[in-house]
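Asker: Below is one structure. I have some questions about it.
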Amino acid sequence: MCFRPANLVLNKTCPECGEVSDATVPECPKCGHDLVSVEPDMPDPNAPGVPGAEVFDPSDIGKPPTAPKAPGAPAAPKAPGAPK
């Protein structure tokens, strides 16, 4: 089992034509607009390392998962009712 987090992929959306491309390209492959000054799109909000996402604790590697709590004790049986 691999505990390595998935790679974080950043994209940029061209403000001229709306084309989504890799954040490392200097210009839009569709219309040629300069993308150097365009900010990358926000990554998946649940991706590792994104503020507010679930925090991965490396010290948890190798520990068994926590087991669910045992159900409570059953209720005592009720007294039998009067015969009909």
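Ordering of the structure tokens sets the chain letters (A, B, ...), residue numbers begin anew at 1 in every chain, and ligands are numbered from 1 in the order given.
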Excluding region 32-44 of chain A and residues on its chain fewer than 5 positions from it, collect all residues at most 9 Å away from it, counting only C-alpha atoms, and give them as a ChimeraX atom specification.
Answerer: /A:8-17,22-27,50
